[in-house]
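The file structure.pdb comes next; it holds PDB, C-alpha atoms.
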ATOM      1  CA  MET L 494      85.416  52.318  41.135
ATOM      2  CA  ASN L 495      84.071  52.983  37.668
ATOM      3  CA  PRO L 496      82.374  56.422  37.775
ATOM      4  CA  GLU L 497      79.555  55.230  35.473
ATOM      5  CA  SER L 498      78.661  52.371  37.799
ATOM      6  CA  ALA L 499      78.503  54.881  40.679
ATOM      7  CA  GLY L 500      76.053  56.967  38.630
ATOM      8  CA  LEU L 501      78.537  59.626  37.518
ATOM      9  CA  ARG L 502      79.495  60.920  34.090
ATOM     10  CA  VAL L 503      83.072  62.210  34.112
ATOM     11  CA  SER L 504      84.740  64.127  31.278
ATOM     12  CA  ASP L 505      87.670  66.451  30.790
ATOM     13  CA  GLN L 506      87.354  69.942  29.338
ATOM     14  CA  ASN L 507      90.536  71.994  29.017
ATOM     15  CA  GLY L 508      92.041  70.613  32.204
ATOM     16  CA  ILE L 509      88.813  70.849  34.173
ATOM     17  CA  THR L 510      87.186  67.598  35.255
ATOM     18  CA  ARG L 511      83.457  67.839  34.668
ATOM     19  CA  VAL L 512      81.311  65.533  36.768
ATOM     20  CA  GLU L 513      77.590  65.060  36.267
ATOM     21  CA  PHE L 514      75.195  62.946  38.283
ATOM     22  CA  ILE L 515      73.291  60.560  36.032
ATOM     23  CA  GLU L 516      70.623  59.670  38.595
ATOM     24  CA  GLN L 517      67.797  61.939  39.645
ATOM     25  CA  ASN L 518      67.913  60.835  43.281
ATOM     26  CA  ILE L 519      71.092  60.823  45.361
ATOM     27  CA  LEU L 520      69.555  59.110  48.353
ATOM     28  CA  ASP L 521      70.622  55.483  48.510
ATOM     29  CA  GLU L 522      73.383  55.090  51.113
ATOM     30  CA  ALA L 523      75.257  52.381  49.230
ATOM     31  CA  ASN L 524      75.166  54.458  46.050
ATOM     32  CA  ILE L 525      76.389  57.557  47.909
ATOM     33  CA  GLN L 526      79.319  55.557  49.238
ATOM     34  CA  GLN L 527      80.156  54.539  45.656
ATOM     35  CA  ILE L 528      79.887  58.152  44.509
ATOM     36  CA  GLY L 529      82.239  59.218  47.300
ATOM     37  CA  GLU L 530      84.768  56.564  46.346
ATOM     38  CA  ALA L 531      84.577  57.391  42.627
ATOM     39  CA  LEU L 532      85.045  61.122  43.308
ATOM     40  CA  SER L 533      87.937  60.422  45.664
ATOM     41  CA  GLU L 534      89.646  58.462  42.913
ATOM     42  CA  VAL L 535      89.154  61.340  40.488
ATOM     43  CA  VAL L 536      90.672  63.769  43.004
ATOM     44  CA  ASP L 537      93.522  61.457  43.974
ATOM     45  CA  ALA L 538      94.505  60.982  40.329
ATOM     46  CA  GLN L 539      95.356  64.676  39.938
ATOM     47  CA  ASP L 540      98.138  66.776  41.468
ATOM     48  CA  LYS L 541      95.958  69.860  41.692
ATOM     49  CA  PRO L 542      92.379  68.763  41.060
ATOM     50  CA  ARG L 543      90.034  71.116  39.200
ATOM     51  CA  LEU L 544      86.502  69.789  39.508
ATOM     52  CA  LEU L 545      83.130  71.079  38.345
ATOM     53  CA  ILE L 546      80.190  69.039  39.605
ATOM     54  CA  SER L 547      76.880  69.620  37.811
ATOM     55  CA  PHE L 548      73.569  68.876  39.534
ATOM     56  CA  ARG L 549      71.597  69.331  36.313
ATOM     57  CA  ASN L 550      69.769  66.004  36.659
ATOM     58  CA  VAL L 551      69.404  65.912  40.432
ATOM     59  CA  ALA L 552      65.943  66.279  41.964
ATOM     60  CA  HIS L 553      66.551  64.866  45.469
ATOM     61  CA  LEU L 554      69.559  64.416  47.693
ATOM     62  CA  SER L 555      70.179  63.533  51.319
ATOM     63  CA  SER L 556      72.520  64.772  54.018
ATOM     64  CA  ALA L 557      74.684  61.710  53.335
ATOM     65  CA  ALA L 558      75.199  63.029  49.791
ATOM     66  CA  LEU L 559      76.129  66.422  51.240
ATOM     67  CA  GLY L 560      78.586  64.600  53.492
ATOM     68  CA  ALA L 561      80.209  62.911  50.497
ATOM     69  CA  LEU L 562      80.546  66.306  48.783
ATOM     70  CA  ILE L 563      82.135  67.822  51.891
ATOM     71  CA  THR L 564      84.655  64.982  52.006
ATOM     72  CA  VAL L 565      85.502  65.665  48.346
ATOM     73  CA  SER L 566      85.805  69.377  49.063
ATOM     74  CA  ASN L 567      88.189  68.733  51.967
ATOM     75  CA  ARG L 568      90.313  66.448  49.762
ATOM     76  CA  VAL L 569      90.425  69.004  46.941
ATOM     77  CA  LYS L 570      91.443  71.752  49.376
ATOM     78  CA  SER L 571      94.181  69.582  50.876
ATOM     79  CA  LYS L 572      95.656  69.296  47.348
ATOM     80  CA  ASP L 573      95.343  73.008  46.738
ATOM     81  CA  GLY L 574      92.760  72.353  44.004
ATOM     82  CA  GLU L 575      89.454  73.932  43.049
ATOM     83  CA  LEU L 576      85.910  72.616  43.350
ATOM     84  CA  HIS L 577      82.884  74.346  41.871
ATOM     85  CA  LEU L 578      79.231  73.255  41.801
ATOM     86  CA  SER L 579      76.659  74.246  39.201
ATOM     87  CA  ASP L 580      73.120  73.771  37.850
ATOM     88  CA  ILE L 581      71.520  73.202  41.262
ATOM     89  CA  ASN L 582      67.723  73.357  41.149
ATOM     90  CA  PRO L 583      65.967  75.799  43.539
ATOM     91  CA  ASN L 584      64.726  73.100  45.935
ATOM     92  CA  ILE L 585      68.197  71.659  46.368
ATOM     93  CA  LEU L 586      69.841  75.067  46.519
ATOM     94  CA  GLU L 587      67.573  75.722  49.491
ATOM     95  CA  VAL L 588      69.064  72.638  51.211
ATOM     96  CA  PHE L 589      72.560  74.088  50.699
ATOM     97  CA  LYS L 590      71.373  77.395  52.151
ATOM     98  CA  ILE L 591      69.621  75.880  55.186
ATOM     99  CA  THR L 592      72.733  73.879  56.035
ATOM    100  CA  ARG L 593      74.851  76.982  55.239
ATOM    101  CA  LEU L 594      76.889  74.853  52.859
ATOM    102  CA  ASP L 595      76.426  77.605  50.274
ATOM    103  CA  ARG L 596      79.229  79.251  52.270
ATOM    104  CA  LEU L 597      81.500  76.225  51.980
ATOM    105  CA  PHE L 598      80.969  75.540  48.270
ATOM    106  CA  GLU L 599      81.346  77.833  45.300
ATOM    107  CA  ILE L 600      77.985  77.516  43.560
ATOM    108  CA  HIS L 601      77.194  78.784  40.058
ATOM    109  CA  ASP L 602      73.898  78.971  38.195
ATOM    110  CA  THR L 603      75.139  77.324  35.005
ATOM    111  CA  THR L 604      77.910  75.027  33.777
ATOM    112  CA  ALA L 605      79.288  77.863  31.646
ATOM    113  CA  GLU L 606      79.569  80.134  34.685
ATOM    114  CA  GLY L 607      81.151  77.319  36.658
ATOM    115  CA  LEU L 608      83.743  76.673  33.954
ATOM    116  CA  ALA L 609      84.543  80.384  33.760
ATOM    117  CA  ALA L 610      85.092  80.606  37.507
ATOM    118  CA  PHE L 611      88.264  78.508  37.597
ATOM    119  CA  ALA L 612      91.435  80.471  38.284
TER     120      ALA L 612
ATOM    121  CA  MET W 854      25.209  63.207  44.488
ATOM    122  CA  SER W 855      24.063  62.049  47.905
ATOM    123  CA  PRO W 856      21.187  63.758  49.791
ATOM    124  CA  ASN W 857      23.572  65.743  52.022
ATOM    125  CA  GLY W 858      25.146  67.315  48.982
ATOM    126  CA  MET W 859      28.394  65.383  49.287
ATOM    127  CA  ASN W 860      29.653  63.213  46.526
ATOM    128  CA  PRO W 861      30.772  59.899  48.084
ATOM    129  CA  SER W 862      34.159  60.171  46.373
ATOM    130  CA  ASP W 863      34.686  63.604  47.984
ATOM    131  CA  GLU W 864      34.096  62.047  51.385
ATOM    132  CA  ASP W 865      36.629  59.340  50.556
ATOM    133  CA  ALA W 866      39.194  61.953  49.581
ATOM    134  CA  LYS W 867      38.808  63.659  52.947
ATOM    135  CA  ALA W 868      39.226  60.514  55.014
ATOM    136  CA  PRO W 869      42.718  60.277  56.546
ATOM    137  CA  LEU W 870      45.046  57.811  54.870
ATOM    138  CA  VAL W 871      46.469  55.748  57.689
ATOM    139  CA  GLY W 872      49.308  53.337  57.142
ATOM    140  CA  GLU W 873      52.164  51.431  58.670
ATOM    141  CA  ALA W 874      55.327  49.947  57.193
ATOM    142  CA  VAL W 875      58.197  47.932  58.623
ATOM    143  CA  LEU W 876      61.393  48.377  56.639
ATOM    144  CA  GLN W 877      64.765  46.637  56.696
ATOM    145  CA  GLN W 878      68.001  48.202  55.525
ATOM    146  CA  GLY W 879      68.851  44.916  53.827
ATOM    147  CA  ASP W 880      65.730  45.221  51.681
ATOM    148  CA  PRO W 881      66.036  48.431  49.631
ATOM    149  CA  SER W 882      63.187  47.375  47.334
ATOM    150  CA  GLY W 883      60.816  47.386  50.342
ATOM    151  CA  LEU W 884      61.816  50.994  51.020
ATOM    152  CA  LYS W 885      61.238  51.953  47.388
ATOM    153  CA  ILE W 886      57.789  50.337  47.321
ATOM    154  CA  PHE W 887      56.792  52.072  50.557
ATOM    155  CA  GLU W 888      58.055  55.466  49.400
ATOM    156  CA  SER W 889      56.396  55.236  46.032
ATOM    157  CA  ALA W 890      53.010  54.475  47.639
ATOM    158  CA  PHE W 891      53.519  57.096  50.358
ATOM    159  CA  PHE W 892      54.406  59.947  47.998
ATOM    160  CA  ASP W 893      51.590  58.957  45.629
ATOM    161  CA  ALA W 894      49.220  59.189  48.605
ATOM    162  CA  LEU W 895      50.492  62.698  49.389
ATOM    163  CA  LYS W 896      49.943  63.730  45.784
ATOM    164  CA  THR W 897      46.431  62.271  45.808
ATOM    165  CA  SER W 898      45.742  64.216  49.007
ATOM    166  CA  GLY W 899      46.607  67.466  47.254
ATOM    167  CA  TYR W 900      50.166  68.103  48.470
ATOM    168  CA  ASP W 901      52.160  70.157  45.972
ATOM    169  CA  GLU W 902      55.633  69.474  44.622
ATOM    170  CA  GLY W 903      57.416  71.733  47.126
ATOM    171  CA  GLN W 904      55.580  70.177  50.064
ATOM    172  CA  ILE W 905      56.366  66.665  48.857
ATOM    173  CA  PHE W 906      60.029  67.644  48.405
ATOM    174  CA  ALA W 907      60.135  68.866  52.021
ATOM    175  CA  ILE W 908      58.395  65.795  53.444
ATOM    176  CA  ARG W 909      60.472  63.438  51.339
ATOM    177  CA  LEU W 910      63.710  65.024  52.523
ATOM    178  CA  ALA W 911      62.693  64.783  56.192
ATOM    179  CA  MET W 912      61.486  61.180  55.780
ATOM    180  CA  GLU W 913      64.670  60.105  53.990
ATOM    181  CA  GLU W 914      66.785  61.614  56.759
ATOM    182  CA  ALA W 915      64.744  60.014  59.547
ATOM    183  CA  ILE W 916      64.760  56.572  57.924
ATOM    184  CA  ALA W 917      68.492  56.779  57.087
ATOM    185  CA  ASN W 918      69.292  57.851  60.672
ATOM    186  CA  GLY W 919      67.238  54.929  61.981
ATOM    187  CA  PHE W 920      69.128  52.455  59.825
ATOM    188  CA  ARG W 921      72.602  53.946  60.204
ATOM    189  CA  HIS W 922      72.714  55.238  63.774
ATOM    190  CA  GLY W 923      69.735  53.644  65.530
ATOM    191  CA  ASN W 924      70.157  50.142  64.150
ATOM    192  CA  ASP W 925      73.911  50.569  63.766
ATOM    193  CA  GLY W 926      73.757  49.400  60.145
ATOM    194  CA  ASP W 927      72.436  45.945  61.100
ATOM    195  CA  PRO W 928      70.519  44.887  57.953
ATOM    196  CA  ARG W 929      68.223  42.550  59.937
ATOM    197  CA  LYS W 930      66.934  45.281  62.224
ATOM    198  CA  THR W 931      63.861  47.256  61.249
ATOM    199  CA  VAL W 932      62.550  50.778  61.106
ATOM    200  CA  LYS W 933      58.798  51.067  61.682
ATOM    201  CA  ILE W 934      56.879  53.904  60.085
ATOM    202  CA  THR W 935      53.328  54.873  60.924
ATOM    203  CA  HIS W 936      51.591  57.745  59.219
ATOM    204  CA  VAL W 937      48.321  59.610  59.053
ATOM    205  CA  ILE W 938      47.875  61.686  55.901
ATOM    206  CA  ASN W 939      45.148  64.297  55.974
ATOM    207  CA  THR W 940      44.487  66.832  53.251
ATOM    208  CA  THR W 941      45.555  69.538  55.711
ATOM    209  CA  ASP W 942      48.359  67.885  57.635
ATOM    210  CA  LEU W 943      50.554  64.841  58.050
ATOM    211  CA  GLN W 944      51.739  62.946  61.108
ATOM    212  CA  VAL W 945      54.591  60.455  60.853
ATOM    213  CA  SER W 946      56.312  58.342  63.463
ATOM    214  CA  ILE W 947      59.620  56.620  62.679
ATOM    215  CA  GLU W 948      60.982  54.125  65.179
ATOM    216  CA  ASP W 949      64.192  52.093  65.071
ATOM    217  CA  GLU W 950      65.419  49.221  67.217
ATOM    218  CA  GLY W 951      68.309  51.143  68.771
ATOM    219  CA  THR W 952      68.862  52.458  72.277
ATOM    220  CA  GLY W 953      68.181  56.059  71.275
ATOM    221  CA  PHE W 954      70.183  59.290  71.397
ATOM    222  CA  ASP W 955      70.103  62.679  73.042
ATOM    223  CA  PRO W 956      69.238  65.313  70.417
ATOM    224  CA  GLU W 957      70.933  67.962  72.577
ATOM    225  CA  SER W 958      74.236  66.163  72.059
ATOM    226  CA  VAL W 959      74.189  66.734  68.280
ATOM    227  CA  PRO W 960      76.451  69.717  67.495
ATOM    228  CA  ASP W 961      75.004  72.537  65.381
ATOM    229  CA  PRO W 962      76.214  71.696  61.851
ATOM    230  CA  THR W 963      75.710  75.281  60.687
ATOM    231  CA  GLU W 964      78.399  76.668  63.033
ATOM    232  CA  ASP W 965      81.441  77.814  61.057
ATOM    233  CA  ALA W 966      83.635  75.342  62.946
ATOM    234  CA  ASN W 967      81.372  72.429  61.932
ATOM    235  CA  LEU W 968      80.739  73.261  58.266
ATOM    236  CA  GLU W 969      83.485  70.930  57.033
ATOM    237  CA  ILE W 970      82.291  67.966  59.111
ATOM    238  CA  PRO W 971      80.610  65.522  56.681
ATOM    239  CA  SER W 972      77.888  64.235  59.032
ATOM    240  CA  GLY W 973      75.305  65.500  61.528
ATOM    241  CA  ARG W 974      72.852  67.363  59.284
ATOM    242  CA  GLY W 975      69.913  64.921  59.260
ATOM    243  CA  LEU W 976      68.075  66.150  62.340
ATOM    244  CA  MET W 977      68.490  69.837  61.484
ATOM    245  CA  LEU W 978      67.095  69.218  57.986
ATOM    246  CA  MET W 979      64.075  67.404  59.439
ATOM    247  CA  ARG W 980      63.477  70.365  61.751
ATOM    248  CA  ALA W 981      63.908  72.850  58.909
ATOM    249  CA  TYR W 982      61.458  71.153  56.567
ATOM    250  CA  MET W 983      58.751  69.867  58.923
ATOM    251  CA  THR W 984      56.399  71.979  61.030
ATOM    252  CA  GLU W 985      57.344  70.089  64.182
ATOM    253  CA  VAL W 986      59.837  67.339  65.031
ATOM    254  CA  ASN W 987      59.982  65.588  68.393
ATOM    255  CA  VAL W 988      62.576  63.039  69.434
ATOM    256  CA  ILE W 989      60.774  60.776  71.870
ATOM    257  CA  PRO W 990      62.945  59.533  74.779
ATOM    258  CA  PRO W 991      65.058  57.463  74.886
ATOM    259  CA  GLY W 992      65.479  58.727  71.306
ATOM    260  CA  ASN W 993      64.693  55.764  69.076
ATOM    261  CA  ARG W 994      61.420  57.261  67.876
ATOM    262  CA  ILE W 995      60.908  60.486  65.973
ATOM    263  CA  GLU W 996      57.487  62.035  65.555
ATOM    264  CA  MET W 997      57.113  64.557  62.777
ATOM    265  CA  TYR W 998      54.225  66.816  61.940
ATOM    266  CA  PHE W 999      53.661  68.793  58.744
ATOM    267  CA  ARG W1000      50.910  71.356  58.368
ATOM    268  CA  ARG W1001      50.219  72.378  54.800
ATOM    269  CA  ASP W1002      49.314  75.987  55.554
ATOM    270  CA  ALA W1003      52.353  76.526  57.836
TER     271      ALA W1003
END
Take the structure from the file and write it as structure tokens.
Amino acid sequence: MNPESAGLRVSDQNGITRVEFIEQNILDEANIQQIGEALSEVVDAQDKPRLLISFRNVAHLSSAALGALITVSNRVKSKDGELHLSDINPNILEVFKITRLDRLFEIHDTTAEGLAAFA
Amino acid sequence: MSPNGMNPSDEDAKAPLVGEAVLQQGDPSGLKIFESAFFDALKTSGYDEGQIFAIRLAMEEAIANGFRHGNDGDPRKTVKITHVINTTDLQVSIEDEGTGFDPESVPDPTEDANLEIPSGRGLMLMRAYMTEVNVIPPGNRIEMYFRRDA
């Protein structure tokens, strides 16, 4: 799965894989499945994945998108890697809080803070 | 200005916007067209960005649940939406073609033990963002109510 065709921009910065959603809405089920597959491939390609996912462009997401993120998180943990999230707008941050997923994910206000948080 | 002091366009704005849509999972453009018109109608009725975010989230979850769980992913089956938009509140009914489900059987996704389970958050999000959510037995219809001053 090509990350771009799943709506993801993936780049490497000093051994940290930066992922950014291109689309504003992460709602379409088929697209979420593609995102999940693309992220799984990114994680599987690394021995000890170090991932920073930015939500800078995201205005809406669904519980299916949260599910895809949880699957990625579980995969990263199973490989003893690190996953951080950043740039989540207040409306969406509220969704993480209501679902208590702010306890599962390490969430940072900005990309810079996310990058600095890696061990 | 009419004799009773009401501008006719003001009266129009206060009339409820009633609508119905029948959507198929196999027709994502139909869903997009419906949603675009629906959220425009909310905006026209005075709903603010935060309220539209909340309603949109609940609607997306209800429709996705109808397609995925209710209709078991069958692209030919439909989800029927009826809505009444008032300037003060909103009523929505979302019905799939499935056999229904028991909402009590859905585990609490916010329990520590369930946090890492990827699914099962749709219904709790609907309940969190709408004023009232009722699953109508046998469970293939969800009625949601949103009050703007709540």
I want to know what sits within 12 Å of Pro971 of chain W, based on all atoms listed in the file, with residues of the same chain fewer than 6 positions away left out; could you give that as a list in words?
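What passes the distance filter is Gly529, Ser555, Ser556, Ala557, Ala558, Leu559, Gly560, Ala561, Leu562, Ile563, Thr564, Val565, Ser566, Asn567, Arg568, Thr592, Leu594 and Leu597 of chain L; Pro962 and Thr963 of chain W.
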Those same residues, written as a tab-separated table (two decimals), in the frame of the given file with C-alpha atoms?
chain	number	residue	atom	x	y	z
L	529	GLY	CA	82.24	59.22	47.30
L	555	SER	CA	70.18	63.53	51.32
L	556	SER	CA	72.52	64.77	54.02
L	557	ALA	CA	74.68	61.71	53.34
L	558	ALA	CA	75.20	63.03	49.79
L	559	LEU	CA	76.13	66.42	51.24
L	560	GLY	CA	78.59	64.60	53.49
L	561	ALA	CA	80.21	62.91	50.50
L	562	LEU	CA	80.55	66.31	48.78
L	563	ILE	CA	82.14	67.82	51.89
L	564	THR	CA	84.66	64.98	52.01
L	565	VAL	CA	85.50	65.67	48.35
L	566	SER	CA	85.80	69.38	49.06
L	567	ASN	CA	88.19	68.73	51.97
L	568	ARG	CA	90.31	66.45	49.76
L	592	THR	CA	72.73	73.88	56.04
L	594	LEU	CA	76.89	74.85	52.86
L	597	LEU	CA	81.50	76.22	51.98
W	962	PRO	CA	76.21	71.70	61.85
W	963	THR	CA	75.71	75.28	60.69
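Evaluated against this file, the PyMOL selection byres ((chain L and resi 554) around 6) yields Asn518, Ile519, Leu520, His553 and Ser555 of chain L.
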Report as an MDAnalysis selection string all protein, DNA and RNA residues lying within 8 Å of segment 937-947 of chain W, evaluated on only C-alpha atoms, omitting residues in the same chain fewer than 6 positions from it.
chainID W and resid 867:872 894:895 898:900 915:916 919 994:1002
Using only C-alpha atoms, determine which residues lie at most 10 Å from segment 925-930 of chain W, disregarding the query and same-chain residues fewer than 4 positions distant; provide the list as number ranges by chain.
W: 875-880, 917-921, 949-951
Hey, which bits of chain W sit within 12 Å of chain L, and for each residue what's the closest pair of atoms and how far apart in Å (one decimal), counting all atoms listed in the file, rows by chain and increasing number, as CSV?
residue,atom,partner,partner_atom,distance
W:Gln878,CA,L:Glu522,CA,9.8
W:Gly879,CA,L:Ala523,CA,10.9
W:Asp880,CA,L:Asp521,CA,11.8
W:Pro881,CA,L:Asp521,CA,8.5
W:Ser882,CA,L:Asp521,CA,11.1
W:Leu884,CA,L:Asp521,CA,10.2
W:Lys885,CA,L:Asp521,CA,10.1
W:Glu902,CA,L:Asn584,CA,9.9
W:Gly903,CA,L:Asn584,CA,7.5
W:Gln904,CA,L:Asn584,CA,10.5
W:Ile905,CA,L:His553,CA,10.9
W:Phe906,CA,L:Asn584,CA,7.6
W:Ala907,CA,L:Asn584,CA,8.7
W:Ile908,CA,L:His553,CA,11.4
W:Arg909,CA,L:His553,CA,8.6
W:Leu910,CA,L:Ser555,CA,6.7
W:Ala911,CA,L:Ser555,CA,9.0
W:Met912,CA,L:Ser555,CA,10.1
W:Glu913,CA,L:Ser555,CA,7.0
W:Glu914,CA,L:Ser555,CA,6.7
W:Ala915,CA,L:Ser555,CA,10.5
W:Ile916,CA,L:Leu520,CA,11.0
W:Ala917,CA,L:Glu522,CA,7.9
W:Asn918,CA,L:Ala557,CA,9.9
W:Phe920,CA,L:Glu522,CA,10.0
W:Arg921,CA,L:Glu522,CA,9.2
W:Gly926,CA,L:Glu522,CA,10.7
W:Asp961,CA,L:Thr592,CA,9.7
W:Pro962,CA,L:Thr592,CA,7.1
W:Thr963,CA,L:Thr592,CA,5.7
W:Glu964,CA,L:Arg593,CA,8.6
W:Asp965,CA,L:Arg593,CA,8.8
W:Ala966,CA,L:Leu597,CA,11.2
W:Asn967,CA,L:Arg593,CA,10.4
W:Leu968,CA,L:Leu594,CA,6.8
W:Glu969,CA,L:Ile563,CA,6.2
W:Ile970,CA,L:Ile563,CA,7.2
W:Pro971,CA,L:Gly560,CA,3.9
W:Ser972,CA,L:Gly560,CA,5.6
W:Gly973,CA,L:Ser556,CA,8.0
W:Arg974,CA,L:Ser556,CA,5.9
W:Gly975,CA,L:Ser556,CA,5.9
W:Leu976,CA,L:Ser556,CA,9.5
W:Met977,CA,L:Thr592,CA,8.0
W:Leu978,CA,L:Thr592,CA,7.6
W:Met979,CA,L:Ser556,CA,10.4
W:Arg980,CA,L:Ile591,CA,10.5
W:Ala981,CA,L:Ile591,CA,7.5
W:Tyr982,CA,L:Val588,CA,9.4
Only C-alpha atoms, please: the residues just picked out, written as an mmCIF file, in the frame of the given file.
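So the final result, stored in selection16.cif, reads:
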data_model
loop_
_atom_site.group_PDB
_atom_site.id
_atom_site.type_symbol
_atom_site.label_atom_id
_atom_site.label_comp_id
_atom_site.auth_asym_id
_atom_site.auth_seq_id
_atom_site.Cartn_x
_atom_site.Cartn_y
_atom_site.Cartn_z
ATOM 1 C CA GLN W 878 68.001 48.202 55.525
ATOM 2 C CA GLY W 879 68.851 44.916 53.827
ATOM 3 C CA ASP W 880 65.730 45.221 51.681
ATOM 4 C CA PRO W 881 66.036 48.431 49.631
ATOM 5 C CA SER W 882 63.187 47.375 47.334
ATOM 6 C CA LEU W 884 61.816 50.994 51.020
ATOM 7 C CA LYS W 885 61.238 51.953 47.388
ATOM 8 C CA GLU W 902 55.633 69.474 44.622
ATOM 9 C CA GLY W 903 57.416 71.733 47.126
ATOM 10 C CA GLN W 904 55.580 70.177 50.064
ATOM 11 C CA ILE W 905 56.366 66.665 48.857
ATOM 12 C CA PHE W 906 60.029 67.644 48.405
ATOM 13 C CA ALA W 907 60.135 68.866 52.021
ATOM 14 C CA ILE W 908 58.395 65.795 53.444
ATOM 15 C CA ARG W 909 60.472 63.438 51.339
ATOM 16 C CA LEU W 910 63.710 65.024 52.523
ATOM 17 C CA ALA W 911 62.693 64.783 56.192
ATOM 18 C CA MET W 912 61.486 61.180 55.780
ATOM 19 C CA GLU W 913 64.670 60.105 53.990
ATOM 20 C CA GLU W 914 66.785 61.614 56.759
ATOM 21 C CA ALA W 915 64.744 60.014 59.547
ATOM 22 C CA ILE W 916 64.760 56.572 57.924
ATOM 23 C CA ALA W 917 68.492 56.779 57.087
ATOM 24 C CA ASN W 918 69.292 57.851 60.672
ATOM 25 C CA PHE W 920 69.128 52.455 59.825
ATOM 26 C CA ARG W 921 72.602 53.946 60.204
ATOM 27 C CA GLY W 926 73.757 49.400 60.145
ATOM 28 C CA ASP W 961 75.004 72.537 65.381
ATOM 29 C CA PRO W 962 76.214 71.696 61.851
ATOM 30 C CA THR W 963 75.710 75.281 60.687
ATOM 31 C CA GLU W 964 78.399 76.668 63.033
ATOM 32 C CA ASP W 965 81.441 77.814 61.057
ATOM 33 C CA ALA W 966 83.635 75.342 62.946
ATOM 34 C CA ASN W 967 81.372 72.429 61.932
ATOM 35 C CA LEU W 968 80.739 73.261 58.266
ATOM 36 C CA GLU W 969 83.485 70.930 57.033
ATOM 37 C CA ILE W 970 82.291 67.966 59.111
ATOM 38 C CA PRO W 971 80.610 65.522 56.681
ATOM 39 C CA SER W 972 77.888 64.235 59.032
ATOM 40 C CA GLY W 973 75.305 65.500 61.528
ATOM 41 C CA ARG W 974 72.852 67.363 59.284
ATOM 42 C CA GLY W 975 69.913 64.921 59.260
ATOM 43 C CA LEU W 976 68.075 66.150 62.340
ATOM 44 C CA MET W 977 68.490 69.837 61.484
ATOM 45 C CA LEU W 978 67.095 69.218 57.986
ATOM 46 C CA MET W 979 64.075 67.404 59.439
ATOM 47 C CA ARG W 980 63.477 70.365 61.751
ATOM 48 C CA ALA W 981 63.908 72.850 58.909
ATOM 49 C CA TYR W 982 61.458 71.153 56.567
#
Record the distance separating atom CA of Asp573 of chain L and atom CA of His601 of chain L, expressed in Å with one decimal.
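Atom-to-atom, atom CA of Asp573 of chain L to atom CA of His601 of chain L, that is 20.2 Å.
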Around segment 527-546 of chain L, fit a box with edges along x, y and z, padding it by 3 Å on each side, then list its centre and edge lengths in Å to one decimal as AutoDock Vina command-line options.
--center_x 89.0 --center_y 62.8 --center_z 42.8 --size_x 24.3 --size_y 22.6 --size_z 15.0
Identify all residues satisfying the PyMOL selection byres ((chain L and resi 514) around 12) in the given file; provide them as a short mmCIF file (atom, residue, chain, number, x, y, z; two decimals) with C-alpha atoms, in the coordinates of the input.
data_model
loop_
_atom_site.label_atom_id
_atom_site.label_comp_id
_atom_site.auth_asym_id
_atom_site.auth_seq_id
_atom_site.Cartn_x
_atom_site.Cartn_y
_atom_site.Cartn_z
CA PRO L 496 82.37 56.42 37.78
CA GLU L 497 79.56 55.23 35.47
CA SER L 498 78.66 52.37 37.80
CA ALA L 499 78.50 54.88 40.68
CA GLY L 500 76.05 56.97 38.63
CA LEU L 501 78.54 59.63 37.52
CA ARG L 502 79.50 60.92 34.09
CA VAL L 503 83.07 62.21 34.11
CA SER L 504 84.74 64.13 31.28
CA ARG L 511 83.46 67.84 34.67
CA VAL L 512 81.31 65.53 36.77
CA GLU L 513 77.59 65.06 36.27
CA ILE L 515 73.29 60.56 36.03
CA GLU L 516 70.62 59.67 38.60
CA GLN L 517 67.80 61.94 39.65
CA ASN L 518 67.91 60.84 43.28
CA ILE L 519 71.09 60.82 45.36
CA ASN L 524 75.17 54.46 46.05
CA ILE L 525 76.39 57.56 47.91
CA ILE L 528 79.89 58.15 44.51
CA ALA L 531 84.58 57.39 42.63
CA LEU L 532 85.04 61.12 43.31
CA LEU L 545 83.13 71.08 38.34
CA ILE L 546 80.19 69.04 39.60
CA SER L 547 76.88 69.62 37.81
CA PHE L 548 73.57 68.88 39.53
CA ARG L 549 71.60 69.33 36.31
CA ASN L 550 69.77 66.00 36.66
CA VAL L 551 69.40 65.91 40.43
CA ALA L 552 65.94 66.28 41.96
CA HIS L 553 66.55 64.87 45.47
CA LEU L 554 69.56 64.42 47.69
CA ALA L 558 75.20 63.03 49.79
CA LEU L 578 79.23 73.26 41.80
CA SER L 579 76.66 74.25 39.20
CA ASP L 580 73.12 73.77 37.85
CA ILE L 581 71.52 73.20 41.26
#
For atom CA of Gln506 of chain L and atom CA of Glu599 of chain L, quote the distance in Å rounded to one decimal.
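Straight-line distance from atom CA of Gln506 of chain L to atom CA of Glu599 of chain L works out to 18.8 Å.
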Suppose you want the space between atom CA of Ile934 of chain W and atom CA of Pro583 of chain L; what is it in Å?
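Computing the Euclidean distance for atom CA of Ile934 of chain W and atom CA of Pro583 of chain L yields 28.9 Å.
Shell of Glu873 of chain W at 9 Å, with all atoms listed in the file counted and residues fewer than 3 places along the chain excluded, is Lys933, Ile934, Thr935 and His936 of chain W.
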For this file, the PyMOL selection byres ((chain L and resi 576) around 6) selects which residues, as JSON, numbers by chain?
{"L": [544, 545, 575, 577]}
